[in-house]
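Source file: target.txt (compact mmCIF, C-alpha atoms)
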```txt
# COMPACT_ATOMS: atom_id res chain seq x y z
CA MET A 1 80.04 -139.16 126.36
CA SER A 2 79.86 -137.48 129.73
CA ASP A 3 77.04 -139.66 131.02
CA ILE A 4 79.04 -142.85 130.42
CA ASN A 5 81.10 -144.05 133.37
CA ILE A 6 84.23 -145.32 131.64
CA VAL A 7 85.45 -147.62 134.43
CA THR A 8 82.17 -149.49 134.78
CA LEU A 9 82.12 -149.76 130.98
CA ILE A 10 85.48 -151.55 131.12
CA GLY A 11 84.30 -153.68 134.03
CA VAL A 12 81.12 -154.74 132.23
CA ALA A 13 83.14 -155.52 129.08
CA LEU A 14 85.54 -157.70 131.09
CA LEU A 15 82.62 -159.44 132.80
CA LEU A 16 80.98 -160.21 129.45
CA ILE A 17 84.25 -161.40 127.88
CA GLY A 18 84.88 -163.61 130.91
CA PHE A 19 81.42 -165.15 130.74
CA TYR A 20 81.74 -165.67 127.00
CA GLY A 21 85.02 -167.49 127.61
CA ALA A 22 83.57 -169.58 130.42
CA LEU A 23 80.53 -170.57 128.36
CA SER A 24 82.00 -171.04 124.89
CA ARG A 25 85.44 -172.62 125.38
CA PRO A 26 85.50 -176.39 125.62
CA ASN A 27 88.84 -176.49 127.44
CA ILE A 28 88.46 -176.61 131.21
CA VAL A 29 91.44 -174.38 131.99
CA LYS A 30 90.15 -171.81 129.50
CA MET A 31 86.80 -171.79 131.31
CA ILE A 32 88.57 -171.10 134.60
CA VAL A 33 90.56 -168.28 132.94
CA GLY A 34 87.21 -166.86 131.82
CA PHE A 35 85.92 -166.93 135.38
CA ALA A 36 89.08 -165.19 136.62
CA ILE A 37 88.62 -162.39 134.06
CA ALA A 38 84.95 -162.01 135.01
CA ASP A 39 86.06 -161.76 138.63
CA THR A 40 88.36 -158.84 137.80
CA GLY A 41 85.51 -157.16 135.93
CA VAL A 42 83.13 -157.43 138.88
CA ASN A 43 85.75 -155.98 141.22
CA MET A 44 86.26 -153.03 138.87
CA ILE A 45 82.52 -152.34 138.77
CA ILE A 46 82.26 -152.36 142.57
CA VAL A 47 85.24 -150.02 143.05
CA ALA A 48 83.95 -147.67 140.35
CA VAL A 49 80.57 -147.41 142.09
CA GLY A 50 82.31 -145.94 145.13
CA TYR A 51 84.51 -143.55 143.17
CA LEU A 52 83.73 -139.86 143.21
CA PRO A 53 85.62 -137.70 140.69
CA GLY A 54 88.35 -135.48 142.05
CA ARG A 55 88.58 -137.09 145.47
CA THR A 56 91.51 -138.83 147.12
CA ALA A 57 92.10 -142.20 148.74
CA PRO A 58 90.43 -142.68 152.15
CA ILE A 59 93.68 -142.42 154.10
CA LEU A 60 94.38 -139.55 156.47
CA ASP A 61 97.76 -137.86 156.51
CA SER A 62 99.08 -134.42 157.32
CA ALA A 63 97.55 -133.00 154.15
CA ALA A 64 94.07 -134.29 154.90
CA ASP A 65 93.05 -133.71 158.49
CA ALA A 66 90.16 -135.46 160.09
CA ALA A 67 87.80 -132.49 160.06
CA GLY A 68 87.33 -132.09 156.31
CA ALA A 69 88.00 -135.71 155.45
CA ALA A 70 84.51 -136.67 154.40
CA ALA A 71 84.39 -133.92 151.81
CA ARG A 72 87.60 -134.94 150.06
CA MET A 73 87.67 -138.73 150.09
CA VAL A 74 86.10 -141.49 148.04
CA ASP A 75 83.67 -144.02 149.49
CA PRO A 76 85.72 -146.59 151.48
CA ILE A 77 83.05 -149.29 151.82
CA PRO A 78 83.28 -150.78 148.29
CA GLN A 79 87.06 -150.87 148.66
CA ALA A 80 86.79 -152.88 151.86
CA LEU A 81 84.38 -155.29 150.13
CA VAL A 82 86.62 -155.71 147.07
CA LEU A 83 89.65 -156.35 149.30
CA THR A 84 87.82 -159.37 150.64
CA ALA A 85 86.50 -160.41 147.24
CA ILE A 86 89.94 -160.57 145.62
CA VAL A 87 91.28 -162.98 148.24
CA ILE A 88 88.17 -165.15 147.95
CA GLY A 89 88.59 -165.05 144.17
CA LEU A 90 92.04 -166.60 144.43
CA ALA A 91 90.75 -169.31 146.77
CA VAL A 92 87.85 -170.16 144.45
CA THR A 93 90.13 -170.22 141.39
CA ALA A 94 92.51 -172.57 143.19
CA LEU A 95 89.59 -174.82 144.15
CA MET A 96 88.32 -174.91 140.54
CA LEU A 97 91.81 -175.71 139.29
CA SER A 98 92.24 -178.53 141.74
CA PHE A 99 88.93 -179.99 140.57
CA ALA A 100 90.25 -179.73 137.01
CA VAL A 101 93.50 -181.49 137.97
CA ARG A 102 91.49 -184.17 139.75
CA MET A 103 89.24 -184.74 136.73
CA ARG A 104 92.31 -184.90 134.51
CA ARG A 105 93.93 -187.41 136.85
CA SER A 106 90.92 -189.67 136.87
CA GLY A 107 91.44 -190.17 133.17
CA GLY A 108 89.34 -187.51 131.47
CA GLY A 109 90.48 -185.24 128.66
CA MET A 110 91.12 -181.52 128.68
CA SER A 111 87.81 -180.80 126.95
CA ILE A 112 84.56 -180.53 128.86
CA ASP A 113 82.75 -182.43 126.08
CA THR A 114 84.42 -185.69 127.07
CA TYR A 115 82.68 -185.60 130.44
CA GLY A 116 79.14 -185.67 129.05
CA GLU A 117 78.58 -189.35 129.66
CA GLN A 118 80.20 -189.73 133.05
CA LYS A 119 78.07 -189.91 136.13
CA TRP A 120 79.87 -189.24 139.44
CA MET B 1 94.54 -127.66 127.58
CA LEU B 2 93.31 -130.80 129.25
CA ASP B 3 92.23 -130.57 132.84
CA GLY B 4 92.96 -133.21 135.44
CA ARG B 5 89.75 -135.15 135.09
CA THR B 6 89.96 -135.51 131.31
CA THR B 7 93.57 -136.65 131.52
CA LEU B 8 92.62 -139.27 134.11
CA ASP B 9 89.76 -140.43 131.90
CA LEU B 10 92.10 -140.72 128.94
CA VAL B 11 94.64 -142.74 130.93
CA ILE B 12 91.92 -145.04 132.27
CA GLY B 13 90.43 -145.37 128.80
CA PHE B 14 93.80 -146.37 127.35
CA LEU B 15 94.39 -148.90 130.13
CA GLY B 16 90.86 -150.20 129.64
CA LEU B 17 91.40 -150.65 125.91
CA LEU B 18 94.55 -152.66 126.64
CA MET B 19 92.66 -154.72 129.23
CA ILE B 20 89.80 -155.52 126.89
CA LEU B 21 92.20 -156.50 124.09
CA ALA B 22 94.24 -158.67 126.47
CA ALA B 23 91.08 -160.30 127.85
CA LEU B 24 89.76 -161.06 124.35
CA TRP B 25 93.11 -162.46 123.27
CA SER B 26 93.34 -164.50 126.44
CA VAL B 27 89.89 -166.03 125.90
CA LEU B 28 90.48 -166.73 122.20
CA ALA B 29 94.15 -167.79 122.34
CA LYS B 30 95.04 -171.27 121.13
CA ARG B 31 97.82 -171.95 123.63
CA LEU B 32 96.89 -172.36 127.28
CA LEU B 33 100.12 -170.74 128.46
CA SER B 34 99.49 -167.45 126.66
CA SER B 35 95.89 -167.50 127.85
CA VAL B 36 96.97 -167.79 131.49
CA LEU B 37 99.70 -165.16 131.20
CA LEU B 38 97.38 -162.68 129.46
CA SER B 39 94.76 -163.05 132.17
CA GLY B 40 97.49 -162.20 134.67
CA GLY B 41 98.26 -159.13 132.56
CA VAL B 42 94.59 -158.09 132.73
CA SER B 43 94.84 -158.19 136.53
CA LEU B 44 98.03 -156.13 136.51
CA LEU B 45 96.39 -153.42 134.37
CA ALA B 46 93.33 -153.54 136.63
CA SER B 47 95.53 -152.74 139.61
CA LEU B 48 96.72 -149.60 137.78
CA VAL B 49 93.10 -148.59 137.22
CA PHE B 50 92.34 -149.15 140.92
CA LEU B 51 95.27 -146.89 141.80
CA ALA B 52 93.85 -144.18 139.55
CA LEU B 53 90.46 -144.53 141.27
CA GLY B 54 91.91 -143.71 144.70
CA ALA B 55 91.97 -147.27 146.00
CA PRO B 56 95.62 -148.05 146.82
CA ASP B 57 94.67 -150.90 149.17
CA VAL B 58 92.75 -152.67 146.43
CA ALA B 59 95.54 -151.93 143.93
CA MET B 60 98.13 -153.61 146.16
CA THR B 61 95.93 -156.64 146.72
CA GLU B 62 95.09 -157.01 143.05
CA ALA B 63 98.74 -156.72 141.98
CA ALA B 64 99.91 -159.24 144.54
CA ILE B 65 97.07 -161.75 144.37
CA GLY B 66 95.39 -161.25 141.00
CA SER B 67 98.48 -161.13 138.87
CA ALA B 68 101.16 -162.95 140.84
CA LEU B 69 99.62 -165.71 142.94
CA THR B 70 96.72 -166.56 140.60
CA THR B 71 99.14 -166.95 137.69
CA MET B 72 101.40 -169.15 139.80
CA VAL B 73 98.46 -171.35 140.83
CA PHE B 74 97.44 -171.67 137.16
CA LEU B 75 100.99 -172.54 136.11
CA TYR B 76 101.37 -175.15 138.84
CA SER B 77 98.12 -176.81 137.85
CA LEU B 78 99.07 -176.68 134.15
CA SER B 79 102.33 -178.44 134.93
CA ARG B 80 100.48 -181.05 136.96
CA MET B 81 98.03 -181.68 134.14
CA LYS B 82 100.95 -182.07 131.79
CA VAL B 83 102.52 -184.64 134.12
CA GLU B 84 99.25 -186.58 134.25
CA CYS B 85 99.02 -186.38 130.46
CA ASP B 86 102.57 -187.72 129.99
CA ALA B 87 101.93 -190.48 132.50
CA SER B 88 98.76 -191.64 130.77
CA GLU B 89 100.48 -191.54 127.35
CA ASP B 90 103.32 -193.66 128.70
CA GLY B 91 100.81 -196.04 130.18
CA GLY B 92 99.11 -196.37 126.81
CA ARG B 93 102.33 -197.08 124.96
CA SER B 94 103.90 -199.63 127.24
CA MET C 1 74.83 -173.43 115.78
CA MET C 2 71.90 -173.39 118.17
CA LYS C 3 74.35 -173.33 121.06
CA LYS C 4 76.09 -170.29 119.64
CA ILE C 5 72.82 -168.37 119.22
CA LEU C 6 71.78 -169.15 122.79
CA LEU C 7 75.19 -168.11 124.05
CA LEU C 8 75.07 -164.77 122.25
CA ALA C 9 71.52 -164.19 123.50
CA ALA C 10 72.64 -164.85 127.08
CA ILE C 11 75.56 -162.43 126.72
CA ALA C 12 73.29 -159.77 125.23
CA LEU C 13 70.79 -160.21 128.06
CA LEU C 14 73.56 -159.86 130.61
CA ALA C 15 74.82 -156.72 128.88
CA PHE C 16 71.31 -155.27 128.97
CA ALA C 17 70.97 -156.10 132.67
CA LEU C 18 74.29 -154.43 133.45
CA TRP C 19 73.61 -151.31 131.38
CA PRO C 20 72.42 -149.18 134.36
CA PHE C 21 75.90 -149.48 135.86
CA VAL C 22 77.48 -148.03 132.75
CA ARG C 23 75.40 -144.85 132.89
CA ASP C 24 77.17 -142.29 135.05
CA VAL C 25 74.87 -141.73 137.99
CA GLY C 26 76.80 -138.59 138.92
CA LEU C 27 76.93 -138.94 142.67
CA ALA C 28 78.46 -135.90 144.34
CA GLU C 29 78.43 -137.24 147.90
CA PRO C 30 79.16 -140.62 149.41
CA GLY C 31 76.21 -142.25 151.15
CA ALA C 32 75.30 -141.56 154.76
CA LEU C 33 77.07 -144.66 156.05
CA ALA C 34 80.29 -143.87 154.18
CA THR C 35 80.21 -140.28 155.39
CA ALA C 36 79.80 -141.49 158.95
CA TYR C 37 82.74 -143.89 158.59
CA LEU C 38 84.92 -141.16 157.07
CA GLU C 39 84.06 -138.61 159.73
CA GLN C 40 83.99 -140.81 162.80
CA GLY C 41 86.35 -143.65 161.96
CA PRO C 42 89.62 -141.80 162.63
CA ALA C 43 88.25 -140.19 165.78
CA GLU C 44 86.65 -143.34 167.17
CA LEU C 45 89.27 -145.93 166.35
CA GLY C 46 92.38 -143.84 165.74
CA THR C 47 93.16 -145.33 162.32
CA ALA C 48 94.57 -143.16 159.55
CA ASN C 49 93.44 -145.69 156.92
CA VAL C 50 89.64 -145.77 156.93
CA VAL C 51 89.53 -148.94 154.81
CA THR C 52 91.41 -150.78 157.55
CA ALA C 53 88.98 -149.50 160.17
CA ILE C 54 86.10 -150.93 158.12
CA VAL C 55 87.77 -154.25 157.32
CA VAL C 56 89.01 -154.97 160.84
CA SER C 57 86.42 -153.41 163.09
CA TYR C 58 83.19 -152.05 161.59
CA ARG C 59 82.84 -154.97 159.22
CA GLY C 60 84.98 -157.36 161.24
CA PHE C 61 82.47 -160.16 160.90
CA ASP C 62 82.91 -160.12 157.13
CA THR C 63 86.64 -160.56 157.53
CA LEU C 64 86.14 -163.41 159.97
CA GLY C 65 83.81 -165.09 157.48
CA GLU C 66 86.27 -164.42 154.67
CA VAL C 67 89.10 -166.10 156.57
CA THR C 68 86.77 -169.03 157.20
CA VAL C 69 85.98 -169.31 153.48
CA LEU C 70 89.69 -169.17 152.70
CA PHE C 71 90.34 -171.94 155.20
CA THR C 72 87.57 -174.08 153.70
CA ALA C 73 88.93 -173.57 150.20
CA THR C 74 92.44 -174.47 151.33
CA ALA C 75 91.11 -177.62 152.97
CA GLY C 76 89.25 -178.42 149.75
CA VAL C 77 92.36 -177.98 147.61
CA GLY C 78 94.39 -180.08 150.00
CA GLY C 79 91.77 -182.80 150.09
CA LEU C 80 91.32 -182.94 146.31
CA LEU C 81 95.02 -183.02 145.56
CA ALA C 82 96.08 -185.34 148.37
CA ARG C 83 99.34 -187.09 147.57
CA ARG C 84 99.03 -190.77 146.95
CA LYS C 85 101.44 -192.57 149.18
CA GLY C 86 104.69 -193.80 147.64
CA HIS C 87 103.81 -192.23 144.30
CA GLY C 88 105.54 -188.87 144.31
CA LYS C 89 109.06 -189.90 145.27
CA LYS C 90 109.57 -192.43 142.52
CA LYS C 91 108.26 -190.13 139.81
CA ALA C 92 110.65 -187.34 140.76
CA ALA C 93 113.59 -189.64 140.27
CA GLU C 94 112.14 -190.97 137.00
CA ARG C 95 111.62 -187.59 135.42
CA GLY C 96 115.03 -186.34 136.59
CA ALA C 97 113.46 -183.00 137.44
CA SER C 98 115.89 -180.27 136.40
CA ASP C 99 117.66 -178.48 139.20
CA ALA C 100 117.08 -174.78 139.78
CA SER C 101 119.88 -172.55 138.60
CA GLU C 102 122.57 -171.29 140.95
CA ILE C 103 121.36 -167.70 140.54
CA LEU C 104 117.83 -168.58 141.65
CA LYS C 105 119.09 -170.54 144.64
CA THR C 106 121.39 -167.78 145.86
CA ALA C 107 118.84 -165.05 145.24
CA SER C 108 116.13 -166.97 147.06
CA ARG C 109 118.36 -167.38 150.10
CA LEU C 110 118.93 -163.63 150.05
CA LEU C 111 115.37 -162.56 149.21
CA SER C 112 113.14 -164.83 151.29
CA PRO C 113 113.97 -163.31 154.70
CA LEU C 114 113.71 -159.80 153.29
CA LEU C 115 110.31 -160.60 151.77
CA VAL C 116 109.05 -161.99 155.06
CA LEU C 117 110.28 -158.82 156.78
CA PHE C 118 108.51 -156.69 154.17
CA GLY C 119 105.29 -158.63 154.66
CA VAL C 120 105.46 -158.08 158.42
CA TYR C 121 106.10 -154.38 157.79
CA ILE C 122 103.04 -154.19 155.53
CA PHE C 123 100.64 -155.72 157.99
CA LEU C 124 102.02 -153.89 161.01
CA HIS C 125 101.43 -150.56 159.26
CA GLY C 126 98.00 -151.52 157.96
CA HIS C 127 96.26 -148.87 160.03
CA LEU C 128 98.53 -146.05 158.79
CA THR C 129 99.36 -146.72 155.14
CA PRO C 130 97.79 -148.68 152.28
CA GLY C 131 98.13 -152.37 152.88
CA GLY C 132 97.32 -154.65 155.73
CA GLY C 133 96.83 -158.25 156.64
CA PHE C 134 95.84 -159.57 153.22
CA GLN C 135 98.66 -157.86 151.33
CA GLY C 136 101.26 -158.72 153.98
CA GLY C 137 100.10 -162.32 154.04
CA VAL C 138 100.42 -162.56 150.26
CA VAL C 139 103.96 -161.14 150.40
CA ILE C 140 104.89 -163.80 152.97
CA ALA C 141 103.38 -166.49 150.76
CA THR C 142 105.48 -165.11 147.89
CA ALA C 143 108.62 -165.50 150.02
CA VAL C 144 107.76 -169.15 150.58
CA LEU C 145 106.99 -169.54 146.86
CA ILE C 146 110.48 -168.31 145.91
CA GLY C 147 111.93 -170.88 148.28
CA LEU C 148 109.78 -173.60 146.65
CA LEU C 149 110.90 -172.54 143.17
CA ALA C 150 114.56 -172.65 144.15
CA ASP C 151 114.35 -176.02 145.84
CA PRO C 152 111.29 -178.03 144.77
CA GLU C 153 112.39 -181.09 146.75
CA ALA C 154 112.40 -179.29 150.09
CA GLY C 155 109.37 -180.12 152.16
CA LEU C 156 107.64 -177.32 153.99
CA ALA C 157 107.44 -177.48 157.75
CA HIS C 158 103.80 -178.46 157.83
CA GLY C 159 103.64 -178.64 161.60
CA VAL C 160 104.81 -175.04 161.99
CA MET C 161 102.34 -173.87 159.34
CA HIS C 162 99.41 -175.61 160.98
CA LEU C 163 100.45 -174.20 164.34
CA VAL C 164 100.69 -170.64 162.98
CA GLU C 165 97.33 -170.94 161.24
CA GLY C 166 95.48 -172.47 164.15
CA LEU C 167 96.94 -170.17 166.78
CA SER C 168 96.37 -166.99 164.78
CA GLY C 169 92.79 -167.99 164.02
CA PHE C 170 92.15 -168.72 167.67
CA ALA C 171 93.79 -165.48 168.82
CA TYR C 172 91.72 -163.55 166.24
CA VAL C 173 88.46 -164.83 167.69
CA ALA C 174 89.78 -164.40 171.25
CA LEU C 175 90.63 -160.74 170.59
CA GLY C 176 87.19 -160.23 169.09
CA ALA C 177 85.62 -161.68 172.21
CA ALA C 178 87.92 -159.50 174.34
CA GLY C 179 86.48 -156.47 172.54
CA LEU C 180 83.04 -157.73 173.45
CA TRP C 181 84.05 -158.17 177.06
CA PHE C 182 86.22 -155.21 178.00
CA THR C 183 84.83 -152.16 176.24
CA GLY C 184 81.97 -151.56 178.62
CA VAL C 185 79.18 -149.37 177.35
CA GLN C 186 79.72 -149.48 173.59
CA GLU C 187 80.68 -153.11 173.46
CA GLY C 188 80.69 -155.06 170.26
CA PHE C 189 82.44 -158.05 168.76
CA LEU C 190 85.90 -157.07 167.41
CA ASP C 191 85.81 -153.68 169.07
CA PRO C 192 89.53 -152.77 169.26
CA ARG C 193 89.19 -150.14 171.94
CA PHE C 194 90.12 -152.27 174.92
CA LEU C 195 93.73 -151.32 174.19
CA PRO C 196 94.68 -147.61 174.39
CA LEU C 197 93.95 -145.72 171.18
CA GLY C 198 97.11 -143.64 171.29
CA GLU C 199 97.91 -140.78 168.97
CA LEU C 200 96.70 -140.81 165.36
CA GLY C 201 99.56 -141.69 163.02
CA ARG C 202 101.78 -143.53 165.50
CA LEU C 203 102.65 -147.19 165.01
CA ALA C 204 101.35 -148.12 168.46
CA SER C 205 97.90 -146.63 168.07
CA ALA C 206 94.37 -147.59 167.06
CA GLY C 207 93.85 -150.00 169.94
CA ALA C 208 93.99 -153.65 168.94
CA ILE C 209 93.67 -153.04 165.19
CA PRO C 210 97.38 -153.66 164.36
CA VAL C 211 97.35 -156.82 166.45
CA ILE C 212 94.19 -158.16 164.83
CA TYR C 213 95.39 -157.29 161.33
CA SER C 214 98.75 -158.98 162.02
CA LEU C 215 96.91 -162.13 163.04
CA VAL C 216 94.82 -161.94 159.85
CA GLY C 217 98.07 -161.51 157.91
CA LEU C 218 99.68 -164.57 159.48
CA LYS C 219 96.56 -166.64 158.88
CA VAL C 220 96.17 -165.55 155.25
CA GLY C 221 99.89 -166.13 154.65
CA ALA C 222 99.74 -169.63 156.10
CA GLU C 223 96.62 -170.51 154.12
CA LEU C 224 97.91 -169.23 150.78
CA THR C 225 101.18 -171.08 151.41
CA GLY C 226 99.10 -174.17 152.03
CA ILE C 227 97.29 -173.71 148.67
CA LEU C 228 100.58 -173.25 146.79
CA ASP C 229 102.14 -176.24 148.53
CA ALA C 230 99.16 -178.46 147.78
CA MET C 231 99.12 -177.37 144.12
CA LYS C 232 102.84 -178.05 143.80
CA GLU C 233 103.17 -181.16 145.85
CA ASP C 234 103.17 -184.17 143.58
CA ALA C 235 104.06 -182.24 140.46
CA GLU C 236 107.41 -183.97 140.86
```

How would this structure read if it were set down as structure tokens?
Amino acid sequence: MSDINIVTLIGVALLLIGFYGALSRPNIVKMIVGFAIADTGVNMIIVAVGYLPGRTAPILDSAADAAGAAARMVDPIPQALVLTAIVIGLAVTALMLSFAVRMRRSGGGMSIDTYGEQKW
Amino acid sequence: MLDGRTTLDLVIGFLGLLMILAALWSVLAKRLLSSVLLSGGVSLLASLVFLALGAPDVAMTEAAIGSALTTMVFLYSLSRMKVECDASEDGGRS
Amino acid sequence: MMKKILLLAAIALLAFALWPFVRDVGLAEPGALATAYLEQGPAELGTANVVTAIVVSYRGFDTLGEVTVLFTATAGVGGLLARRKGHGKKKAAERGASDASEILKTASRLLSPLLVLFGVYIFLHGHLTPGGGFQGGVVIATAVLIGLLADPEAGLAHGVMHLVEGLSGFAYVALGAAGLWFTGVQEGFLDPRFLPLGELGRLASAGAIPVIYSLVGLKVGAELTGILDAMKEDAE
């Protein structure tokens, strides 16, 4: 049990569930929901890689002075990366959804199977 | 008695169990609305996990973007698809 | 049937590939780069929040690229969902879109200014407390969203939004170039040290970091508002 990192386990599970949803559901919106869940899973994995047990957030205050900071704080780099990744995730989700709305508007159905024959 | 690390692991494990259940339900749900709302719930629980991992910046971003704005964008696009659907049905009838 | 087997095989392969992450590698120390950031970041840049120092200055290029990607995605959403002329207005009248309730209208009038103020507070204190440009920008977008929910017919002031977005993007790059120009020996793009560093923990400290993060916040807020507005627009 002790050599299993529980947060990355959750992250990998979410990633797999998200991919399963994106690959197996015929409904376009469901596929996008799957991608959003996979996105959350990836972010959890990245944050968990930088986590060190028993350490605090990388923010200085009166309790944590600059001198001993490096010995008491978690790795800040993955957090900075994930901060960026979450915002990009929203933008990509919105772009996928607007493609879905556009496909819907041009007369297609909600299911991806109805688009098999179209060439555009 | 449980020490701090084990308690944290238990809390994260519980949150993770909820997240995995919500994600599975969201992927398998029949109704699109519950699917979208449950994926927002997964993001909200993820922000709690980030807080427990000493990443308050990421937790704030995930709570604000992942659960609030993403859900709103999904709901707006669902309503638009519904409008298109109604319009095309009307067009077929008349 | 065949499809299902292939799908399960792909998932299993992915799980196998990700298995090394699940094993606890048991790191006791952050890497050399992270240690350097943690030890030198507060002293060099005067930020209490090390994540902000990385996002705005050490990895400032990433943030610039991220804002660019966000802009491109917003432009894509706007282009894909462009309103067809003379289409939206008629439909709104046809559907008789239900009016928002009195409670929502009153609350949105009360809440929107407070939310904007809170967003500004979040990105101004990005170098001291958790939060920063992205979070503050999202809070501002939420304030606009409440206004949109209360009064779906109200058009946004597109001109003001474009102005805010363009000017903040330009000022962001200009400040980065100023860091390149004015810091002398240790120059670098987005170096915030051309303004005085001040005392650690004060609002007016950390050189140009609060200014740059505020600009990022305004830009992100304007772009997310643009996405929400484009998604909403001809729903009526």

> In terms of the shortest atom-to-atom distance over all atoms listed in the file, which of C:Leu7, C:Leu64, C:Ala141, C:Ala100 is closest to C:Leu117?
Replying inline: C:Ala141

> Between A:Ile28, A:Ile17, A:Ala71, A:Ile77, which is the closest to chain B once you count only C-alpha atoms?
Replying inline: A:Ile17

>> Show me, as a ChimeraX atom specification, every residue of chain B with an atom at most 9 Å from chain A, counting all atoms listed in the file.
In response: /B:4-5,9,12-13,16-17,19-20,23-24,26-28,32,35-36,39-40,42-43,46,49-51,53-58,61-62,65-66,69-70,73-74,77-78,80-81,84-85,88

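Residues lying within 12 Å of C:Thr129, counting all atoms listed in the file and ignoring same-chain neighbours fewer than 5 positions away, are Ala57, Pro58, Ile59, Leu60 and Asp61 of chain A; Ala55, Pro56, Asp57 and Met60 of chain B; Thr47, Ala48, Asn49, Val50, Val51, Thr52, Ala53, Tyr121, Ile122, Phe123, Leu124, Gln135, Gly201, Arg202, Leu203 and Pro210 of chain C.
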
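With only C-alpha atoms as the atoms that count, the residue of A:Phe35, A:Leu23, A:Val49, A:Val12 with the shortest distance to A:Ile112 is A:Leu23.
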
> What residues in chain C lie within 6 Å of chain A, counting only C-alpha atoms, written as a PyMOL selection string?
Replying inline: chain C and resi 22-24+30+34-35+38-39+48-51+55+73+77

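Distance-wise, atom CA of B:Thr7 and atom CA of B:Trp25 end up 27.1 Å apart.
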
>> For a quick test of understanding: name the residues of chain C lying within 6 Å of chain B when counting only C-alpha atoms, and present them as a PyMOL selection string.
In response: chain C and resi 130-131+135+232+235

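Among C:Val216, C:Ala171, C:Ala107, C:Leu45, the residue with the shortest atom-to-atom distance to C:Leu149, counting only C-alpha atoms, is C:Ala107.
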
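Put simply, atom CA of C:Val173 is 19.7 Å away from atom CA of C:Gly136.
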
Extending 6 Å beyond the listed atoms of stretch 66-80 of chain B on each side, what axis-aligned box results? I want centre and edge lengths in Å to one decimal, as JSON.
```
{"center_x": 98.9, "center_y": -171.1, "center_z": 138.5, "size_x": 18.9, "size_y": 31.9, "size_z": 20.8}
```

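Straight-line separation from atom CA of C:Tyr37 to atom CA of C:Phe21: 24.4 Å.
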